[in-house]
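Novice: I have a structure I would like to understand better, so I am pasting it below and will then ask my questions one at a time.
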Amino acid sequence: MSLQTIVYAAARSRAHGPTAALWHAVEVHRSPAELDGACELTVCGSLARVSPEERWPLVARDVCPACATLAR
């Protein structure tokens with residue numbers, strides 16, 4: 001029996017029109033050391049730039065509600 005651990009990284013989206021920039025969760029399938037700040041597909045399906053210095057879950061107001069629910 002194997003135990004699978006899901007690791008999430010924090011990523012910041014860009015503000016787009018009336019939409020504010022939000023923090024998102026990115027499911028990491030490689031070593032967190034390999035994250036270089038590139039854009040990745042988030043748990044909710046948008047693109048956001050990974051912030052290697054931030055950890056998910058974030059304690060912030062501007063967190064994507066879909067990512068917060070899906071990445072529990």
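Going by the structure tokens order, chains are called A, B, ..., each with residues numbered from 1, while ligands are numbered from 1 in the order shown.
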Just the strand (DSSP E or B) stuff from chain A, please, per backbone DSSP, written as JSON, numbers by chain.

Specialist: {"A": [7, 8, 9, 10, 11, 12, 16, 19, 23, 24, 25, 26, 27, 28, 39, 40, 41, 47, 48, 49, 50, 51, 52, 53, 54, 55, 63]}

Novice: Name all residues at most 6 Å from Val26 of chain A (count only C-alpha atoms; drop same-chain ones fewer than 2 positions away) and give them as a PyMOL selection string.

Specialist: chain A and resi 8-9+42-43

Novice: Choose the residue, out of A:Ser46, A:Ser13, A:Val7, A:Pro57, that has the smallest atom-to-atom separation from Arg30 of chain A; count only C-alpha atoms.

Specialist: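 Once distances to Arg30 of chain A are computed over only C-alpha atoms, the minimum belongs to A:Val7.
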
Novice: From the options A:Val63, A:Ala68, A:Ala11, A:Ala20, which residue's atoms come nearest to Glu40 of chain A, counting only C-alpha atoms?

Specialist: A:Ala11

Novice: Tell me which of A:Ser31, A:Thr19, A:Ala38, A:Leu70 sits closest to Ser51 of chain A, counting only C-alpha atoms.

Specialist: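 The shortest atom-to-atom distance to Ser51 of chain A comes from A:Ala38.
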
Novice: What does the structure give for the distance between atom CA of Asp36 of chain A and atom CA of Gly17 of chain A, in Å to one decimal?

Specialist: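 Separating atom CA of Asp36 of chain A from atom CA of Gly17 of chain A is a distance of 26.7 Å.
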
Novice: Kindly give the distance, in Å, that separates atom CA of Thr69 of chain A and atom CA of Cys44 of chain A, rounded to a single decimal.

Specialist: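 We find that atom CA of Thr69 of chain A and atom CA of Cys44 of chain A lie 9.5 Å from each other.
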
Novice: What's the separation between atom CA of Pro32 of chain A and atom CA of Ala48 of chain A, in Å to one decimal place?

Specialist: 15.9 Å

Novice: Taking the backbone alone, and naming residues the way the document does, which bits of chain A are helix (DSSP H, G or I) by DSSP, as a list in words?

Specialist: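 In chain A, DSSP puts these residues in helix (DSSP H, G or I): Pro32, Ala33, Glu34, Pro65, Ala66, Cys67, Ala68, Thr69 and Leu70 of chain A.
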
Novice: For His16 of chain A, which residue among A:Val59, A:Leu47, A:Ala71, A:Val28 is the nearest when counting only C-alpha atoms?

Specialist: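 Among A:Val59, A:Leu47, A:Ala71, A:Val28, it is A:Leu47 that comes nearest to His16 of chain A.
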